[in-house]
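Chemist: The structure's right below; bear with me while I get my questions together.
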Amino acid sequence: MDVFLQVVVNGLLLGGLFAITSVGLTLIFGIVKVVNFAHGEFLMIGMYATFLITTRLGMHPYAAVAAVVPLLFVLGMMTQKFLIEPLMSARNHDIQIFATVGLSTALINLALLLFGADIATTPAYGLRTAVEVGPVRMLVGQIVMFGVAAALVIGLHLFLQRTQAGRGIRAVAQNRAAAQLMGINVSRVYMITFGLGAACVGLAATLVAPLYPTSPGIGTYFVLTAFVVVVLGGLGSIGGAFLGAMIIGLIDSLAGFYIGSDMREVAVFGVFLLILILRPQGLFGGRQTLSHVS
Amino acid sequence: MTDQTVNPAPEPSPEPAAKPAKRTTAAIALAALLAAIFITPVVVDDQFVYHIFITICIFAGLSTAWNIVGGFAGQLSLGHAIFYGIGAYAGIMLTNMGISPWIGMFAGAGVAAVVAVIISYPCFRLHGPFFALSTIALLEVFRVLALHFRDFTGGATGMMIPLNIGWEWMVFRERLPALIIAFGMMCFILAVAWWIRSHRLGFQLVATRERESAARAAGVGTVKVRLIAVAISAALTAMMGTFHGMYLTFIEPESAFSLAFSIQIAMFALIGGLGSVFGPLLGAVFLVPITEFARGALGAEAIGLHGFVYGAVLVMVVIFIPNGLMGLIGRIFVPRGTGTKQADEVAAPEVARTFTPPEPGEEIVRVKNLNKHFGGLHVTNDVSFTLREGEILGLIGPNGAGKTTLFNMISGFLDADSGTVEIKGPDGKWNSPTNPADFARLGVGRTFQIVQPFAAMTVEENIMVGAFHRYPSVDDARAAARRTAEKMGLAPFLNAEASSLTIGGLKRLEVARVMAMEPRVLLLDEVMAGINQSDVRRAIDLMLSIRDEGVSIIAIEHVMQAVMSLSDHVIVLSSGEVIAEGKPKAVVEDPQVIEAYLGKEFTHA
Amino acid sequence: MKLTHLLKTTVAAGALLGAQAAYADVTFGALYPFSGQLALLGEESARGLELAVDEINAAGGVQGEQVVLERGDAVDNNQAIGEARRLISREGVKAIFGTYSSSRSIAASQVAELSGIPYFELGAVADEVTGRGLKYLFRVNPTAEDMAATIIDMIVDKVGPMNDKAPEDLKIGIIYEDSSYGTSVSGHEQAMAKEAGLNVVTSQAYPASTVDLSSVVLDLKQRGVDVVLQTSYQNDSVLFLQQAHEAGFQPLAIIGGGGGYSTQPTADAVGHDIIDGVLDTDFTQYIVNKDFTPGIDDFLAAYDAKYGGEPRSGHSLTNYVGAMAILTALNEADGFEPDTIIETVSAIDIPEGTTAAGYGVKFGENNQNERARMMGLQWQDGKLVTVYPDDAAAAEMRIKN
């Protein structure tokens, strides 16, 4: 029973990791409707930035938030402005995917150029200390990550529901043309949303960096899972992404322990495919009009 | 742009004289390119150059095969390596069992086609990025399964073939035989892609890609054609995979079921020009040597430099030339259609349609007690009516009355909650169709309120999509389309891009596409909306002439002039209910109708 | 294309011979992944070859001719084939040295075999490389099988006795990343453990791109595993060692199969105190009993002089030793015809303890060097130290804390 509890707790903490790294994507995918394959690379950049700040300036990784979050925000805005916006009027929407794939390749190789292929380790500053709660062990850093993920989800939800800016974002997500007619500057909303999504990833990076080794390819380990989480939760639903992350974390942990580690990916992707086929709008997504009849 | 009135005497559409010349230039350029691909390495006779050109052929073949799904059908598949891997493993496994890879190639193709249909069928409902994500997930699953079942696939360390030399085993000492096979396969794949694009399947795929609902309304089985495309594409990809596996003499899950490889294949097609037949070939011809050169120049300088430049260039290409190299070159080199028959005269109608003068009284459409709820809203409330053969039935009512919803239910696009819709077939039997294909088969055609042209095609091609419903052969369909265009007054615009027409032209195109299906019942959704007075007059004449050919019509209209002049019978819908019906004059003076449209104050105006 | 590079590899001592020297050159191919994923260690491996060539050339070359290396970039399997072809037909190399990556090696050597050109593998470890019965392929370095052999020997000879346990009483847990590297080493570990009568309680693969190994750790802990054998790259080595420590999982021994376990960044990431006592098996590394590996100091000096600093891994040394063995032997041959080369190389007989890597060279079945072996290593005070076999050990094996 103790073991089962530990497996479950591991799954939830893993869910926290997935949640914090995926929330930004649900904003970008759900609202700007862009499949950002470079999402993992945003995380990688944030992690390297955290690494540099902590090792060169001797700061605590959490303090690096002050620099990393704005950095990623700007990066997100620029990506939207210079990469995505020119493509929005293209006849074929799918080429956005290729653009982000190109961006991903360029960023991975840039990191390889600058930092080399070896792993880079951010000092842990005590975040790797284990905490025992009954029969279960957790790391301080993991608990914080879970807590911040939950807080971020709540905060974003309130932002989207209660503030003017948030309403503007939701309006654009639901009907771009109408929002434009209401005087909303759609281009600016997209930029801010993309920036916000990237900033969330930046926040995630500062929390993840002390717990995981950084390498140029680290982003690729997270990106597919992030998409699974976002689709499972429902596009644009922040709460859905959190719940989806928990579910995937639990599946990963339980499948890994009870079935076998090599089939973990099959379990996660199997769930992904089932959702796509049976309920593509995810758990909390809005009703998708799958075929247009005017 | 002048409108042409309906004119029984056909005028030959003025074909630009440059067209035949353009097509021959295109054909010559293509032949020259293909010849160059084959002859250059033979002449240079250098092992490395041979290798480069064999690689070009392989990638050109794979990208062209991918393009059948990704370009023609518009389904962005990022998991095509699944089929490549199946082909490669099939070839190598069978070789190890003593069976020639030539047979293995077809075995692999067969398996790949079956797998493709099974995995695509549920995923086709997904749009755009969702479909792409599902293909990625499937690819990962295949890769992990290939790793897991190591007794079958050799697991992570992969499988090799014994080095038996000879054509039977596709292993050679010299490079020329390998080039011959690669080149031959590439040409075969190009031929298949070209054939698809210039015949019915291609038209239907593009139509499905552009506007799925309009395609369905034109009688295209949108799921069926995409499954056919996926099966063909998978089979071709697998065949090339078999060859490449034999060329490498070694295969492993990592490189066979590789996401990066899938993306690369799609990338070549994108850069060459998605949706064009020869774009992927161009993409491969340009990119393979350039990548080689770049790697040679940059690769060893610093780790990551080559990859960084590659990624940056990719981004640039996507932003600045999103229509690819083919788009850059323009329509100069795009061979459309057969290229051989340039019939200026319109062929005589194949079958003269016998027309029975309208016998009002013969019912052809029966709608009984239709009901529909959207959530708590009762949008269609116990609606019943009939349409008689040769009749023009006007369907009017204020906005929000539920007219289009009703149309959707009587054309198969929406299911009613209760009630029946019956159509009398040409054989006199009553049918209850349920989806657009069934309705189309019974001869029911409809237009859409917001016009839906297939933007990537010309006016002629648009109409041909409808014509294919009756005439499977390309030439017959083209002739039928031309005839219809004549009648609709679109003859001067046959070769124009559909998206370049004015709203009036688009409306007529919408009708033309449906008319090319030679329907028995025509559902028109506000065709008069947004066109000027004189055009309304002409449109009325057009509709009458359509009716005179034996087509029964239900028309949703707001333009009262049209309603009055056209309709034999009028039904008024308000808030989902039929509030009045009868002769036009009577209905218009009905106080309930006036109240519904204008409000109570006007009933005594 | 690589003019500056060619100049670097031909030694200045022979330059005064001028034009005549150019005619008296013999060209060999150097086929490694110089770009892409594997570039770091591909380049490192090639350095060993280059240092060997420098040394040979300084001593007069091979059969009086200066050795010229022509680089080929084996960035992927398709490219490996193309480059092999280019080296053979365009550059006219007499033999190809390579390749670090097993799949590149397999692909490229098939080409060499078809063309009848000798192929000398200096660093790839998968069995399949020499398991195909190719006539022209020779491998000098130790293989995955050798790695497993050393690991099992360490368990039986050292780990068991040092912990006062009979080897058969130890519970062995094998975990590995799911690519060719992890799969081949772990496969041998399992087979040999069984032969030695050891008790393997579990053998699990996990995806190389994993971000979490806690379920694996939990499973091993639950089963009460005493000795963990992991084959992994940097990322997963770090993950496992950290997560094991944090979960309070304290096996008697953890033995890595090279890869991430041999690199300094891994030790730095995990923490020197946590990784202390962790065992490893790999190519000969640099803290070793120098009496057993004569020439290793000269190698290190030459490496520093040419590239600045220390070698980044043991790959350069292993490639150097292999190349030296081959080239020295070729010096006694008469001409560079493929069959002459094969005959000469097959007769090589270098005893153990006389090369810079410690092991000897004699080619046996399938042209694999029978005397090649991996070393047993241990992280002590933040450094990777050779502890097994005893004659190569630079320090005593310690019990893991």
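Scheme for the structure tokens: letters A, B, ... for chains in order shown; per-chain residue numbers from 1; ligand numbers from 1 in order shown.
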Any idea what's packed within 8 Å of region 52-63 of chain A, counting only C-alpha atoms, ignoring anything in its chain fewer than 5 positions away? Could you give it as a list in words?
Modeler: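 So the residues in contact are Thr122, Pro123, Ala124, Tyr125, Thr206, Leu207, Ala209 and Pro210 of chain A.
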Chemist: Which residues, written as an NGL selection string, have at least one atom at most 7 Å from region 262-275 of chain C, with only C-alpha atoms counted and residues fewer than 6 positions away on the same chain left out?
Modeler: (:A and (118-119 or 121)) or (:C and (234 or 238 or 241-242 or 313 or 379 or 381-382))
Chemist: Dump as a list of chain:residue names the residues of chain C that approach chain B to within 7 Å, counting only C-alpha atoms.
Modeler: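 Result, ordered by chain then number: C:Phe34, C:Ser35, C:Gly36, C:Ala39, C:Asn78, C:Gly82, C:Arg85, C:Arg86, C:Ser89, C:Arg90, C:Ala107, C:Leu114, C:Ser115, C:Asp178, C:Ser179, C:Ser180, C:Thr183.
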Chemist: Would you mind listing what lies within 6 Å of region 130-139 of chain C as a list in words, with only C-alpha atoms counted and same-chain residues fewer than 2 positions away left out?
Modeler: Glu113, Pro118, Tyr119, Phe120, Glu121, Asp127, Glu128, Asn141, Asn366, Asn367 and Gln368 of chain C
Chemist: Could you save the residues just selected, with N, CA, C and O atoms, as a PDB file, in the first residue's frame?
Modeler:
```pdb
ATOM      1  N   GLU C 113      32.969  -3.579 -47.818  1.00  0.00           N
ATOM      2  CA  GLU C 113      33.050  -5.005 -48.138  1.00  0.00           C
ATOM      3  C   GLU C 113      32.733  -5.250 -49.598  1.00  0.00           C
ATOM      4  O   GLU C 113      33.418  -6.000 -50.287  1.00  0.00           O
ATOM      5  N   PRO C 118      39.552  -2.729 -47.014  1.00  0.00           N
ATOM      6  CA  PRO C 118      39.569  -3.018 -45.576  1.00  0.00           C
ATOM      7  C   PRO C 118      38.937  -1.913 -44.755  1.00  0.00           C
ATOM      8  O   PRO C 118      39.055  -0.737 -45.084  1.00  0.00           O
ATOM      9  N   TYR C 119      38.245  -2.325 -43.678  1.00  0.00           N
ATOM     10  CA  TYR C 119      37.576  -1.374 -42.793  1.00  0.00           C
ATOM     11  C   TYR C 119      38.011  -1.672 -41.384  1.00  0.00           C
ATOM     12  O   TYR C 119      37.855  -2.779 -40.914  1.00  0.00           O
ATOM     13  N   PHE C 120      38.564  -0.684 -40.704  1.00  0.00           N
ATOM     14  CA  PHE C 120      39.057  -0.897 -39.343  1.00  0.00           C
ATOM     15  C   PHE C 120      38.197  -0.136 -38.360  1.00  0.00           C
ATOM     16  O   PHE C 120      38.232   1.090 -38.306  1.00  0.00           O
ATOM     17  N   GLU C 121      37.410  -0.853 -37.585  1.00  0.00           N
ATOM     18  CA  GLU C 121      36.568  -0.228 -36.578  1.00  0.00           C
ATOM     19  C   GLU C 121      37.366  -0.057 -35.302  1.00  0.00           C
ATOM     20  O   GLU C 121      37.933  -1.025 -34.786  1.00  0.00           O
ATOM     21  N   ASP C 127      27.517  -5.727 -31.033  1.00  0.00           N
ATOM     22  CA  ASP C 127      27.987  -7.026 -31.519  1.00  0.00           C
ATOM     23  C   ASP C 127      27.893  -7.135 -33.024  1.00  0.00           C
ATOM     24  O   ASP C 127      28.762  -7.693 -33.671  1.00  0.00           O
ATOM     25  N   GLU C 128      26.798  -6.610 -33.574  1.00  0.00           N
ATOM     26  CA  GLU C 128      26.516  -6.832 -34.983  1.00  0.00           C
ATOM     27  C   GLU C 128      27.616  -6.350 -35.889  1.00  0.00           C
ATOM     28  O   GLU C 128      27.721  -6.782 -37.021  1.00  0.00           O
ATOM     29  N   ASN C 141      38.662  -2.523 -30.869  1.00  0.00           N
ATOM     30  CA  ASN C 141      38.233  -2.123 -29.524  1.00  0.00           C
ATOM     31  C   ASN C 141      37.361  -3.201 -28.867  1.00  0.00           C
ATOM     32  O   ASN C 141      36.829  -4.074 -29.520  1.00  0.00           O
ATOM     33  N   ASN C 366      35.647 -13.812 -36.531  1.00  0.00           N
ATOM     34  CA  ASN C 366      35.006 -12.627 -37.105  1.00  0.00           C
ATOM     35  C   ASN C 366      35.895 -11.395 -37.064  1.00  0.00           C
ATOM     36  O   ASN C 366      35.405 -10.268 -37.068  1.00  0.00           O
ATOM     37  N   ASN C 367      37.178 -11.602 -37.012  1.00  0.00           N
ATOM     38  CA  ASN C 367      38.121 -10.480 -37.014  1.00  0.00           C
ATOM     39  C   ASN C 367      37.928  -9.522 -35.852  1.00  0.00           C
ATOM     40  O   ASN C 367      38.198  -8.333 -35.963  1.00  0.00           O
ATOM     41  N   GLN C 368      37.466 -10.034 -34.713  1.00  0.00           N
ATOM     42  CA  GLN C 368      37.355  -9.212 -33.517  1.00  0.00           C
ATOM     43  C   GLN C 368      38.606  -9.414 -32.664  1.00  0.00           C
ATOM     44  O   GLN C 368      39.099 -10.536 -32.539  1.00  0.00           O
TER      45      GLN C 368
END
```
Chemist: Pick out the residues sitting within 12 Å of region 163-169 of chain A, and hand them over as a PDB file with C-alpha atoms, in the first residue's frame; count only C-alpha atoms, and ignore anything fewer than 6 positions along from it in its own chain.
Modeler:
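What follows is the written file out.pdb:
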```pdb
ATOM      1  CA  LEU A  27      -2.817  29.603 -24.248  1.00  0.00           C
ATOM      2  CA  ILE A  28      -0.850  29.585 -27.471  1.00  0.00           C
ATOM      3  CA  GLY A  30      -5.966  27.380 -27.703  1.00  0.00           C
ATOM      4  CA  ILE A  31      -6.197  31.063 -28.370  1.00  0.00           C
ATOM      5  CA  VAL A  32      -3.747  32.000 -31.045  1.00  0.00           C
ATOM      6  CA  GLY A 155      -4.233  33.186 -11.543  1.00  0.00           C
ATOM      7  CA  LEU A 156      -4.534  32.791 -15.276  1.00  0.00           C
ATOM      8  CA  HIS A 157      -8.132  31.718 -14.959  1.00  0.00           C
ATOM      9  CA  ASN A 175     -14.397  35.111 -32.983  1.00  0.00           C
ATOM     10  CA  ARG A 176     -11.523  37.006 -34.443  1.00  0.00           C
ATOM     11  CA  ALA A 178     -16.124  40.121 -34.475  1.00  0.00           C
ATOM     12  CA  ALA A 179     -13.521  41.082 -31.903  1.00  0.00           C
ATOM     13  CA  GLN A 180     -11.825  43.218 -34.485  1.00  0.00           C
ATOM     14  CA  MET A 182     -15.444  45.681 -31.542  1.00  0.00           C
ATOM     15  CA  GLY A 183     -12.255  47.667 -31.711  1.00  0.00           C
ATOM     16  CA  ILE A 184      -9.932  45.078 -30.257  1.00  0.00           C
ATOM     17  CA  ASN A 185      -6.452  45.189 -31.741  1.00  0.00           C
ATOM     18  CA  VAL A 186      -6.230  41.539 -32.659  1.00  0.00           C
ATOM     19  CA  SER A 187      -2.583  41.628 -33.635  1.00  0.00           C
ATOM     20  CA  ARG A 188      -1.654  43.047 -30.268  1.00  0.00           C
ATOM     21  CA  VAL A 189      -3.807  40.545 -28.415  1.00  0.00           C
ATOM     22  CA  TYR A 190      -2.108  37.694 -30.218  1.00  0.00           C
ATOM     23  CA  MET A 191       1.294  39.084 -29.393  1.00  0.00           C
ATOM     24  CA  ILE A 192       0.437  39.478 -25.745  1.00  0.00           C
ATOM     25  CA  THR A 193      -1.100  36.020 -25.535  1.00  0.00           C
ATOM     26  CA  PHE A 194       1.867  34.382 -27.180  1.00  0.00           C
ATOM     27  CA  LEU A 196       2.112  35.325 -21.906  1.00  0.00           C
ATOM     28  CA  GLY A 236      -7.760  27.033 -24.294  1.00  0.00           C
TER      29      GLY A 236
END
```
Chemist: Give the residues of chain B that lie within 6 Å of chain A; count only C-alpha atoms, and format the answer as an MDAnalysis selection string.
Modeler: chainID B and resid 122 137 141 303:304 307:308 311:312 314:315 318
Chemist: Pull out every residue of chain C that has at least one atom within 8 Å of chain A, counting only C-alpha atoms, and report them as a compact mmCIF listing (two decimals) with all heavy atoms, in the first residue's frame.
Modeler:
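To be explicit, this is the file written out as iface_37.txt:
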```
# COMPACT_ATOMS: atom_id res chain seq x y z
N LEU C 40 30.10 15.25 -31.00
CA LEU C 40 31.08 15.49 -29.94
C LEU C 40 32.04 14.32 -29.80
O LEU C 40 33.27 14.47 -29.88
CB LEU C 40 30.34 15.72 -28.62
CG LEU C 40 31.24 16.13 -27.47
CD1 LEU C 40 31.74 17.54 -27.65
CD2 LEU C 40 30.51 16.02 -26.14
N ASP C 178 16.45 2.52 -24.17
CA ASP C 178 15.94 1.56 -25.15
C ASP C 178 16.57 1.60 -26.54
O ASP C 178 16.10 0.93 -27.42
CB ASP C 178 14.41 1.69 -25.28
CG ASP C 178 13.98 3.05 -25.81
OD1 ASP C 178 14.85 3.87 -26.17
OD2 ASP C 178 12.77 3.30 -25.82
N GLN C 204 14.75 -4.02 -17.16
CA GLN C 204 13.76 -3.08 -17.69
C GLN C 204 14.37 -2.04 -18.62
O GLN C 204 15.39 -1.45 -18.31
CB GLN C 204 13.16 -2.28 -16.55
CG GLN C 204 12.42 -3.07 -15.53
CD GLN C 204 11.74 -2.13 -14.56
OE1 GLN C 204 11.35 -1.03 -14.92
NE2 GLN C 204 11.61 -2.55 -13.33
N ALA C 205 13.66 -1.79 -19.71
CA ALA C 205 14.06 -0.70 -20.59
C ALA C 205 13.22 0.53 -20.29
O ALA C 205 12.13 0.41 -19.76
CB ALA C 205 13.86 -1.11 -22.04
N TYR C 206 13.74 1.68 -20.63
CA TYR C 206 12.96 2.91 -20.50
C TYR C 206 13.32 3.80 -21.68
O TYR C 206 14.38 3.64 -22.27
CB TYR C 206 13.24 3.62 -19.17
CG TYR C 206 14.70 3.91 -18.95
CD1 TYR C 206 15.30 5.03 -19.52
CD2 TYR C 206 15.48 3.07 -18.17
CE1 TYR C 206 16.64 5.28 -19.34
CE2 TYR C 206 16.82 3.31 -17.98
CZ TYR C 206 17.40 4.42 -18.57
OH TYR C 206 18.73 4.67 -18.40
N PRO C 207 12.43 4.72 -22.05
CA PRO C 207 12.74 5.58 -23.20
C PRO C 207 13.91 6.50 -22.88
O PRO C 207 13.97 7.08 -21.80
CB PRO C 207 11.45 6.38 -23.42
CG PRO C 207 10.63 6.17 -22.22
CD PRO C 207 11.11 4.98 -21.48
N SER C 209 14.50 9.34 -23.80
CA SER C 209 14.13 10.73 -23.63
C SER C 209 13.29 10.95 -22.38
O SER C 209 12.53 11.90 -22.29
CB SER C 209 13.34 11.18 -24.85
OG SER C 209 12.18 10.37 -24.96
N THR C 210 13.42 10.08 -21.40
CA THR C 210 12.57 10.19 -20.24
C THR C 210 12.91 11.40 -19.37
O THR C 210 14.04 11.87 -19.35
CB THR C 210 12.68 8.92 -19.37
OG1 THR C 210 11.72 8.98 -18.34
CG2 THR C 210 14.06 8.80 -18.78
N VAL C 211 11.90 11.93 -18.67
CA VAL C 211 12.17 12.99 -17.73
C VAL C 211 11.99 12.50 -16.30
O VAL C 211 12.08 13.26 -15.35
CB VAL C 211 11.25 14.22 -17.96
CG1 VAL C 211 11.53 14.84 -19.29
CG2 VAL C 211 9.81 13.83 -17.83
N ASP C 212 11.72 11.22 -16.16
CA ASP C 212 11.44 10.74 -14.82
C ASP C 212 11.73 9.25 -14.70
O ASP C 212 11.25 8.47 -15.49
CB ASP C 212 9.96 11.01 -14.51
CG ASP C 212 9.59 10.48 -13.14
OD1 ASP C 212 10.05 11.06 -12.15
OD2 ASP C 212 8.86 9.48 -13.08
N SER C 214 11.42 7.76 -11.54
CA SER C 214 11.02 7.41 -10.17
C SER C 214 10.30 6.07 -10.09
O SER C 214 10.46 5.34 -9.10
CB SER C 214 10.15 8.52 -9.57
OG SER C 214 9.07 8.81 -10.41
N SER C 215 9.54 5.70 -11.11
CA SER C 215 8.86 4.40 -11.04
C SER C 215 9.88 3.27 -11.13
O SER C 215 9.72 2.22 -10.49
CB SER C 215 7.79 4.25 -12.11
OG SER C 215 8.07 5.02 -13.23
N VAL C 216 10.92 3.48 -11.92
CA VAL C 216 11.98 2.47 -12.01
C VAL C 216 12.68 2.33 -10.66
O VAL C 216 12.89 1.23 -10.15
CB VAL C 216 13.01 2.87 -13.09
CG1 VAL C 216 14.20 1.95 -13.06
CG2 VAL C 216 12.36 2.83 -14.47
N LEU C 218 11.57 3.06 -7.75
CA LEU C 218 10.65 2.45 -6.78
C LEU C 218 10.58 0.94 -6.96
O LEU C 218 10.57 0.18 -5.99
CB LEU C 218 9.26 3.06 -7.00
CG LEU C 218 8.32 3.07 -5.82
CD1 LEU C 218 8.99 3.68 -4.61
CD2 LEU C 218 7.07 3.85 -6.20
N ASP C 219 10.55 0.53 -8.23
CA ASP C 219 10.46 -0.89 -8.50
C ASP C 219 11.71 -1.61 -8.00
O ASP C 219 11.62 -2.65 -7.33
CB ASP C 219 10.31 -1.09 -10.02
CG ASP C 219 10.14 -2.55 -10.37
OD1 ASP C 219 9.12 -3.13 -9.98
OD2 ASP C 219 11.04 -3.10 -11.02
N GLN C 222 11.70 -1.71 -4.23
CA GLN C 222 10.72 -2.67 -3.73
C GLN C 222 11.21 -4.10 -3.79
O GLN C 222 10.90 -4.92 -2.93
CB GLN C 222 9.46 -2.54 -4.60
CG GLN C 222 8.24 -2.18 -3.82
CD GLN C 222 7.13 -3.13 -4.17
OE1 GLN C 222 6.94 -3.44 -5.34
NE2 GLN C 222 6.43 -3.61 -3.18
N GLN C 234 23.95 10.59 -20.60
CA GLN C 234 24.12 11.51 -19.47
C GLN C 234 22.81 11.80 -18.75
O GLN C 234 22.73 11.72 -17.53
CB GLN C 234 24.71 12.83 -19.96
CG GLN C 234 26.19 12.76 -20.23
CD GLN C 234 26.75 14.09 -20.67
OE1 GLN C 234 26.04 14.95 -21.16
NE2 GLN C 234 28.03 14.27 -20.49
N ASN C 235 21.80 12.18 -19.54
CA ASN C 235 20.55 12.62 -18.95
C ASN C 235 19.96 11.58 -18.00
O ASN C 235 19.60 11.88 -16.85
CB ASN C 235 19.56 12.92 -20.07
CG ASN C 235 18.29 13.52 -19.58
OD1 ASN C 235 18.28 14.55 -18.95
ND2 ASN C 235 17.19 12.83 -19.81
N VAL C 238 22.07 10.78 -14.77
CA VAL C 238 21.88 11.79 -13.73
C VAL C 238 20.53 11.58 -13.04
O VAL C 238 20.43 11.58 -11.82
CB VAL C 238 21.95 13.20 -14.34
CG1 VAL C 238 21.52 14.25 -13.34
CG2 VAL C 238 23.36 13.49 -14.82
N LEU C 239 19.49 11.40 -13.86
CA LEU C 239 18.16 11.22 -13.30
C LEU C 239 18.12 10.05 -12.34
O LEU C 239 17.60 10.16 -11.22
CB LEU C 239 17.16 10.96 -14.42
CG LEU C 239 16.49 12.16 -15.06
CD1 LEU C 239 15.56 11.69 -16.16
CD2 LEU C 239 15.72 12.94 -14.01
N GLU C 246 17.47 10.28 -3.67
CA GLU C 246 16.39 10.99 -2.99
C GLU C 246 15.30 10.07 -2.48
O GLU C 246 14.60 10.39 -1.54
CB GLU C 246 15.77 12.02 -3.93
CG GLU C 246 16.60 13.28 -4.00
CD GLU C 246 16.68 13.84 -5.40
OE1 GLU C 246 15.87 13.43 -6.25
OE2 GLU C 246 17.56 14.69 -5.64
N ALA C 247 15.15 8.93 -3.14
CA ALA C 247 14.12 7.99 -2.69
C ALA C 247 14.64 7.13 -1.56
O ALA C 247 13.94 6.24 -1.08
CB ALA C 247 13.68 7.12 -3.86
N PRO C 265 30.73 15.77 -16.55
CA PRO C 265 29.49 16.53 -16.32
C PRO C 265 28.45 15.75 -15.54
O PRO C 265 27.71 16.32 -14.74
CB PRO C 265 29.00 16.84 -17.73
CG PRO C 265 30.22 16.84 -18.56
CD PRO C 265 31.12 15.82 -17.96
N THR C 266 28.41 14.46 -15.75
CA THR C 266 27.45 13.65 -14.99
C THR C 266 27.78 13.70 -13.51
O THR C 266 26.91 13.91 -12.66
CB THR C 266 27.48 12.18 -15.46
OG1 THR C 266 27.26 12.14 -16.86
CG2 THR C 266 26.42 11.37 -14.75
N ASP C 268 29.46 15.93 -11.93
CA ASP C 268 29.23 17.28 -11.41
C ASP C 268 27.74 17.51 -11.17
O ASP C 268 27.35 18.15 -10.20
CB ASP C 268 29.75 18.33 -12.39
CG ASP C 268 31.26 18.23 -12.57
OD1 ASP C 268 31.92 17.66 -11.68
OD2 ASP C 268 31.77 18.73 -13.59
N ALA C 269 26.93 16.97 -12.07
CA ALA C 269 25.49 17.20 -11.94
C ALA C 269 24.91 16.44 -10.75
O ALA C 269 24.11 16.97 -9.99
CB ALA C 269 24.78 16.75 -13.22
```
Chemist: In Å, rounded to a single decimal, give me how far CA of Ala347 (chain C) is from CA of Asp25 (chain C).
Modeler: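 CA of Ala347 (chain C) lies at a distance of 24.4 Å from CA of Asp25 (chain C).
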Chemist: What separation in Å, quoted to one decimal, exists between CA of Val317 (chain B) and CA of Thr237 (chain B)?
Modeler: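 Calculated distance between CA of Val317 (chain B) and CA of Thr237 (chain B) is 25.3 Å.
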Chemist: Between B:Ile68, B:Ile82, B:Val474, B:Ala256, which has the minimum distance to Asn77 (chain C) (counting only C-alpha atoms)?
Modeler: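 Nearest candidate to Asn77 (chain C) out of B:Ile68, B:Ile82, B:Val474, B:Ala256: B:Ala256.
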Chemist: Please identify all polymer residues within 12 Å of Met192 (chain C), counting only C-alpha atoms, omitting same-chain residues fewer than 4 positions from it, and present them as a PyMOL selection string.
Modeler: chain C and resi 144-153+155-156+185-188+196-200
Chemist: Would you return as a VMD selection string the members of region 125-265 of chain B that DSSP assigns to alpha helix (DSSP H) on this structure's backbone?
Modeler: chain B and resid 128 to 148 150 to 153 176 to 198 200 to 210 212 to 217 222 to 248 253 to 256 259 to 265
Chemist: Give me the residues within 8 Å of Leu283 (chain A) as a ChimeraX atom specification, counting only C-alpha atoms and dropping any in the same chain fewer than 2 places off.
Modeler: /A:232-234,240,279,281,285
Chemist: Could you tell me how far CA of Ser552 (chain B) lies from CA of Leu393 (chain B), in Å and to one decimal?
Modeler: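 Value for the CA of Ser552 (chain B)-CA of Leu393 (chain B) distance: 8.2 Å.
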Chemist: So that I can see what lies close to Ala150 (chain A), please list as a list in words the residues with an atom at most 12 Å from it, counting only C-alpha atoms and leaving out residues fewer than 6 positions away in the same chain.
Modeler: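 Non-adjacent residues within range: Leu12, Leu13, Gly15, Gly16, Leu17, Phe18, Ala19, Ile20, Val23, Ile143, Val144, Leu156, His157, Ile238, Gly239, Gly240, Ala241, Phe242, Leu243, Ala245 and Met246 of chain A.
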